[in-house]
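To start, the structure itself, in structure tokens.
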Amino acid sequence: MSQMLKSSGAMAAATLTSRVLGMVREMAYASFMGVGWVTDAFMLAFMVPNLFRRLLGEGALTAAFIPAFKEKEKTSTAAETWRAANAVIWGLLMTTGVIVVLGVLGITVALPWVDAQYHAETHLMLRLLRLMLPYVLLVCLAAVFMGMLNARGHFFVPALGAGMLNIVMIASVFLITPLMGSTLAERIFGLAIGVLLAGVVQAGFQLPLLHQEGFRWQWVAPWRDETVRLVVRRMIPGTIGVAAFQINVLLTQGMAFWVGEGIVSSFGYAVRLLELPQGVFGISLAAYLLPTLSGLAAEKKYDDFRMTLRQGLSYLVFVNLLASVLLFVLAEPMVRLLFERGQFQPYDTPRAALALTCLAPGLVLFSTVNILARAFFALGDTRTPMRISVFCLTLNIGLALALVWRFKEGGLGAANSITSGVNAALLLYALKRKMKKLELQSLRAILLPLGIATLAAGVVAWVGTRAWEQSLGHQTLALKLGAVFVPATVAALIYWLVTVWLKVPAAKEVSGLLRRKFGARHQI
């Protein structure tokens, strides 16, 4: 367990840096463009190439490639392993290149049919999408580089690469957008250019470490390569299996784009807030577990496989339950602190806060889906997550259509949370049938203590934020900071004390690791 915490913790540190920078990026975006039809157009356009980043960088490509790469390492020479990696790279570049060219041509043909005066938001969205589509090529490279480094035991540098991406995108707000024109609809293209530059930086950032590991560029025809065929077979269904949440967001926001102004942007800001805890621990843990579980499955150590999965889920639930309740209770103070400046007005805050409140209960479920899907991938099964996700995607579309008309961005959040709960339950049931037994008794035993701790933390946070608002308000930056961090800190302390008192194993293990770490530093 200590190794899991240290490895995923190292990546979590880099991911935390990246996610904090990502939040700074969203703050800069919110101040620059606020909530409105121009923001809706940019966010929807960015979702398409960004979806590929999620699918490839955090999903299906790495989930399919890492087990194949690890298998190659165990059965072949280093030269053959790197040759196979090059074959995968060229196959992906050629495939996504065709997708990008067809997409750009299709949008170019469609644009004259979209009236720029009466359908300005759709016209702008298509132009932005056309400009950002080549980002898909860059994210392919970054994703394969990340997979190779993860498989070689490097988690920190790949996760930090996303931080470099965010730095470039933040810089584009201040350095590129002023050069693009006088109106927001013109200046927004500076953000699209920033996306392309950021993709170049993220991929290039990982190359020096890969070079140290022995990787060298070489042309390898992908047509008949066995590793390419294996990755493709696993990747196609896995594209849906791992990325259900991201596909849900794209489809539901695509519908919301034509329902009402500001729904897409309000919901988008809430999603970014949710992704901070989800990415820091949930994605980091899933990235650690995939190569680890793949290695155990390859060696047929299924008892260790179950134990590692069980421990990973216990840590996930332990950390994300606290994050979930804090996001739920403190949604409005968080949105006010992070986004309410510049073009993001006070009347925009309740809309984004409503979406976050409806998304927050699903945080543990979103992350659980990521981990369970990776367990299937480690076992070489990509079809089961695909089938489950197809069902859940259909369910989500139905729920979103039913809820978005009345509850707007709140309806989108509720639909995603409900769908992710169904997705997690079905994946867990299918995995239990596949492995005959999962031995999750110890995980079930901690649910009641964690529920008690979560309830206590939620009550403390709710009382704290109400007391702060009534006595001090939120007129200054210092008061806004206090409205979030004072109740959150006290609630987190209560959660920690209750879990330690109730002897939750994850709390005891983390406490022991921190004592050993800081004790060793003190001795030095």
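Going by the structure tokens order, chains are called A, B, ..., each with residues numbered from 1, while ligands are numbered from 1 in the order shown.
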### Message
Show me, as a count of residues only, the residues that have an atom within 7 Å of Pro67 in chain A when counting only C-alpha atoms, minus same-chain residues fewer than 4 positions from it.
### Response
4
### Task
Name the residues of range 181-426 of chain A that fall into helix (DSSP H, G or I) according to DSSP on the backbone, using the chain letters and numbers of this document, as an NGL selection string.
:A and (184-205 or 207-213 or 226-242 or 244-256 or 263-298 or 302-329 or 331-339 or 346-378 or 383-407 or 409-426)
### Task
Please indicate the distance in Å from CA of Leu337 in chain A to CA of Gly482 in chain A, rounded to one decimal place.
9.7 Å
### Message
I want to know what sits within 7 Å of range 199-203 of chain A, based on only C-alpha atoms, with residues of the same chain fewer than 4 positions away left out; could you give that as a list of chain:residue names?
### Response
A:Tyr135, A:Leu138, A:Val139, A:Leu141, A:Ala142, A:Gly161, A:Ala162, A:Met164, A:Leu165, A:Val195
Produce a file of the selected residues containing N, CA and C atoms, as a PDB file, in the first residue's frame.
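again-v9.pdb written:
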ATOM      1  N   TYR A 135      -4.983  19.832 -33.115  1.00  0.00           N
ATOM      2  CA  TYR A 135      -4.542  19.473 -31.766  1.00  0.00           C
ATOM      3  C   TYR A 135      -4.649  17.962 -31.536  1.00  0.00           C
ATOM      4  N   LEU A 138      -1.367  16.272 -32.157  1.00  0.00           N
ATOM      5  CA  LEU A 138      -0.397  16.517 -31.090  1.00  0.00           C
ATOM      6  C   LEU A 138      -0.703  15.701 -29.852  1.00  0.00           C
ATOM      7  N   VAL A 139      -1.994  15.536 -29.572  1.00  0.00           N
ATOM      8  CA  VAL A 139      -2.349  14.796 -28.374  1.00  0.00           C
ATOM      9  C   VAL A 139      -2.080  13.309 -28.545  1.00  0.00           C
ATOM     10  N   LEU A 141       0.608  12.079 -30.016  1.00  0.00           N
ATOM     11  CA  LEU A 141       2.007  11.956 -29.628  1.00  0.00           C
ATOM     12  C   LEU A 141       2.167  12.021 -28.116  1.00  0.00           C
ATOM     13  N   ALA A 142       1.546  13.010 -27.495  1.00  0.00           N
ATOM     14  CA  ALA A 142       1.664  13.164 -26.045  1.00  0.00           C
ATOM     15  C   ALA A 142       1.142  11.933 -25.313  1.00  0.00           C
ATOM     16  N   GLY A 161       3.698  17.385 -17.783  1.00  0.00           N
ATOM     17  CA  GLY A 161       3.537  17.887 -19.141  1.00  0.00           C
ATOM     18  C   GLY A 161       2.231  18.632 -19.330  1.00  0.00           C
ATOM     19  N   ALA A 162       1.175  18.157 -18.665  1.00  0.00           N
ATOM     20  CA  ALA A 162      -0.108  18.860 -18.747  1.00  0.00           C
ATOM     21  C   ALA A 162      -0.019  20.234 -18.094  1.00  0.00           C
ATOM     22  N   MET A 164       2.626  22.160 -18.299  1.00  0.00           N
ATOM     23  CA  MET A 164       3.220  23.009 -19.328  1.00  0.00           C
ATOM     24  C   MET A 164       2.158  23.436 -20.344  1.00  0.00           C
ATOM     25  N   LEU A 165       1.251  22.520 -20.665  1.00  0.00           N
ATOM     26  CA  LEU A 165       0.150  22.845 -21.570  1.00  0.00           C
ATOM     27  C   LEU A 165      -0.674  24.006 -21.020  1.00  0.00           C
ATOM     28  N   VAL A 195      -4.261  26.824 -27.838  1.00  0.00           N
ATOM     29  CA  VAL A 195      -4.474  25.380 -27.705  1.00  0.00           C
ATOM     30  C   VAL A 195      -3.477  24.611 -28.576  1.00  0.00           C
TER      31      VAL A 195
END
### Task
Do a neighbour search on range 115-127 of chain A at 8 Å with only C-alpha atoms, toss out local chain neighbours closer than 2 positions, and write the hits as a count of residues only.
15
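As for CA of Leu481 in chain A and CA of Ala323 in chain A, they are spaced 17.2 Å apart.
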### Message
What's around range 340-350 of chain A at 8 Å? Count only C-alpha atoms, leave out sequence neighbours fewer than 5 positions away in its own chain, and write the answer as a count of residues only.
### Response
9
